[in-house]
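Engineer: Sharing a structure below in structure tokens format, with a few things to ask.
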Amino acid sequence: MKQFFSAVGRLVRQFPRTHLLLAMVLLGGVIIIALQPEPAPAPQRATKAIELPARPAAKPVEQPAPPQGPQWQTLTVKAGDSLSSLLQPLGVGAGQVYALINSDEKLERLTKLRPGEQLEVLVNDDDALRGVRYNPSKVETLTAKLTGAGWTARLSQREYQKQTRFAQAEITDSLFLAGAAAGISDRLTMQLAELFAWDIDFVLDIRKGDKFRVLYEELYLDGEKVGEGDILMAEFWNQDRHLSAFRYETLSGDVEYLDIKGDSMRKAFIRTPVAFARISSRFNLSRKHPVLNRIRAHKGTDYAAPSGTPIRAAGDGKVIFAGVKGGYGNVIILKHGQIYTTLYAHMRSFAKGIRVGKRVKQSQTIGYVGSSGLATGPHLHYEFRINGVHRNPQTVPLPKARGINDNERAEFLIAANRLKAQMTLFAEAATLASSDVF
């Protein structure tokens, strides 16, 4: 340390005295400045915020309301109302109604409005009808709109929810009373009768103790029952016969009722009931009668043939008349189903066993050509009637009885056996639930 200070002294003595004095003064000033406390920050001058006056908000510009077009109006049908009378107070004339109704066959339903029904209409400011909405039923909506090309109509339909139901009854009085006892409607009972009408005369053939079973659909909308649908399968015991019918939809979309063999429950007709005969007189409502020599409608077709030529039944049916009938001579009348009858007149004689109540098959011989009654020679006078109205036997559209095609037979049998199994299960359950069964 002593050597350090000696070295510093020798260094200092090398500088002039004046320089040393100035250096000491500068050093002292630096020390004084370093030891001075930091000055407090100058107080900030408070500034007063100047509030500018608020600018008034711009007033929103009101937009004009869009022009309103014609509005749908609901009309309620009252007793005595028609479409024209409903629309007349709205300024719609009869000419517009006529154009609407006749533009599409679907719109003809608007002519059958019932009290309590409602329809919606669209009428513009010029009293022009532009649209109609109508509900013919709970599931149907009929909509019509007027476009530049005219009226267009569309019928849309909601789908029912379906449930399978079973009913059975024994007939003690009539089919309809038995149906009511089984809990089915008259409409369904009528459908049941139509299924078997080719085989059973429900006026004359029904006997006490006959019975039926039926599988059918109940229809629902939004969980509420609204009606009954189709019969899926039916069985009928009539005296000593047991008949079955199965509903089947073919690959082409046609619905048929078939027996267990796949044959149609409906029966066909042959066009000509006498083989190898010629037509001697045609259906003519203004024909002059050859014997009476005056105008008398000829409501059938005459087939000239040698006396004794066999006469064939035009279709499966039941004899409802066999005897003499005025100028017709010997006559047989057959009933086919519910609405068809055929008449065979001027016969020489009837085939063995033919009598009222007898059932005959298509093409079965029922009698023989003759010239009984007002006839000029041996021939068959043949008539074809629908609901009692004479139709031309040569041109009347005959009902078809197609049955099932061979390529669908296996599928039909599967469906039929499935329905039979369902019927059996329902019947067994009903037997367990009640002792009053058959």
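Naming scheme: A, B, ... for chains in displayed order of the structure tokens; residues 1 onward per chain; ligands 1 onward as shown.
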If we count only C-alpha atoms and set the cut-off at 12 Å, which residues sit around region 242-253 of chain A, ignoring sequence neighbours fewer than 6 positions away in its own chain? Please answer as an mmCIF file with C-alpha atoms, in the first residue's frame.
Structural biologist:
data_model
loop_
_atom_site.group_PDB
_atom_site.id
_atom_site.type_symbol
_atom_site.label_atom_id
_atom_site.label_comp_id
_atom_site.auth_asym_id
_atom_site.auth_seq_id
_atom_site.Cartn_x
_atom_site.Cartn_y
_atom_site.Cartn_z
ATOM 1 C CA GLN A 191 -117.442 -55.284 -48.992
ATOM 2 C CA LEU A 192 -117.494 -58.760 -47.459
ATOM 3 C CA ALA A 193 -120.688 -59.590 -49.367
ATOM 4 C CA GLU A 194 -119.225 -58.344 -52.636
ATOM 5 C CA LEU A 195 -116.194 -60.621 -52.221
ATOM 6 C CA PHE A 196 -118.352 -63.744 -52.152
ATOM 7 C CA ALA A 197 -121.255 -62.501 -54.287
ATOM 8 C CA TRP A 198 -120.272 -64.731 -57.231
ATOM 9 C CA ASP A 199 -120.631 -67.808 -55.015
ATOM 10 C CA ILE A 200 -123.247 -66.837 -52.436
ATOM 11 C CA ASP A 210 -123.576 -69.592 -41.365
ATOM 12 C CA LYS A 211 -120.515 -67.753 -40.107
ATOM 13 C CA PHE A 212 -117.615 -65.594 -41.238
ATOM 14 C CA ARG A 213 -114.210 -64.395 -40.174
ATOM 15 C CA VAL A 214 -112.481 -61.333 -41.534
ATOM 16 C CA LEU A 215 -109.093 -59.634 -41.243
ATOM 17 C CA TYR A 216 -109.269 -55.964 -42.139
ATOM 18 C CA GLU A 217 -107.464 -52.659 -41.698
ATOM 19 C CA ASP A 230 -109.563 -52.925 -47.025
ATOM 20 C CA ILE A 231 -110.370 -56.504 -46.161
ATOM 21 C CA LEU A 232 -107.099 -58.458 -46.112
ATOM 22 C CA MET A 233 -108.608 -61.934 -45.833
ATOM 23 C CA ALA A 234 -112.087 -63.296 -45.351
ATOM 24 C CA GLU A 235 -113.585 -66.728 -44.729
ATOM 25 C CA PHE A 236 -117.248 -67.676 -45.104
ATOM 26 C CA ASP A 259 -108.916 -67.864 -53.630
ATOM 27 C CA ILE A 260 -106.220 -70.107 -52.181
ATOM 28 C CA LYS A 261 -105.399 -71.466 -55.658
ATOM 29 C CA GLY A 262 -104.763 -67.976 -56.994
ATOM 30 C CA ASP A 263 -107.952 -67.771 -59.062
ATOM 31 C CA SER A 264 -109.939 -64.545 -59.049
ATOM 32 C CA MET A 265 -113.010 -64.325 -56.835
ATOM 33 C CA ARG A 266 -114.639 -62.497 -59.731
ATOM 34 C CA ARG A 402 -107.413 -62.834 -64.544
ATOM 35 C CA GLY A 403 -106.222 -64.651 -61.462
ATOM 36 C CA ILE A 404 -102.548 -64.720 -60.603
ATOM 37 C CA ASN A 405 -99.813 -65.030 -63.207
ATOM 38 C CA ASP A 406 -97.635 -68.119 -62.995
ATOM 39 C CA ASN A 407 -94.518 -66.047 -62.292
ATOM 40 C CA GLU A 408 -96.207 -64.577 -59.194
ATOM 41 C CA ARG A 409 -97.877 -67.698 -57.872
ATOM 42 C CA GLU A 411 -95.088 -65.089 -53.956
ATOM 43 C CA PHE A 412 -98.877 -65.080 -53.686
ATOM 44 C CA LEU A 413 -98.898 -68.392 -51.825
ATOM 45 C CA ILE A 414 -96.388 -67.010 -49.312
ATOM 46 C CA ALA A 415 -98.588 -63.942 -48.748
ATOM 47 C CA ALA A 416 -101.776 -66.043 -48.523
ATOM 48 C CA ASN A 417 -100.275 -68.450 -45.977
ATOM 49 C CA ARG A 418 -99.034 -65.514 -43.915
ATOM 50 C CA LEU A 419 -102.589 -64.135 -43.808
ATOM 51 C CA LYS A 420 -103.950 -67.569 -42.895
ATOM 52 C CA MET A 423 -106.245 -65.306 -39.051
#
Engineer: Using DSSP assignments from the backbone, pull out every residue in region 355-386 of chain A that falls under strand (DSSP E or B) and give it to me as a list in words.
Structural biologist: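 Checking each residue of region 355-386 of chain A, the strand (DSSP E or B) ones are Arg359, Val360, Thr365, Ile366, Gly367, Tyr368, Val369, Gly370, His379, Leu380, His381, Tyr382, Glu383, Phe384, Arg385 and Ile386 of chain A.
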Engineer: Got a sec: who's within 10 Å of Ala345 (chain A), counting only C-alpha atoms, leaving out chain neighbours fewer than 6 positions off, as a ChimeraX atom specification?
Structural biologist: /A:302,323-325,327-333,367-373,375,379-383
Engineer: Between A:Asn392, A:Leu219, A:Trp237, A:Ser363, which is the closest to Arg282 (chain A) once you count only C-alpha atoms?
Structural biologist: A:Asn392
Engineer: Which residues in region 84-178 of chain A does DSSP call alpha helix (DSSP H)? List them as a ChimeraX atom specification.
Structural biologist: /A:84-87,94-101,175-178
Engineer: Calculate how many Å separate CA of Ala167 (chain A) from CA of Glu140 (chain A), rounding to one decimal.
Structural biologist: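 Atom-to-atom, CA of Ala167 (chain A) and CA of Glu140 (chain A) are spaced 28.7 Å apart.
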Engineer: In terms of the shortest atom-to-atom distance over only C-alpha atoms, which of A:Ala268, A:Pro397, A:Gln422, A:Phe384 is closest to Lys361 (chain A)?
Structural biologist: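 Closest residue, counting only C-alpha atoms: A:Ala268.
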Engineer: For Arg359 (chain A), which residue out of A:Gly80, A:Gly317, A:Ala128, A:Leu374 is the nearest one, using only C-alpha atoms?
Structural biologist: A:Gly317
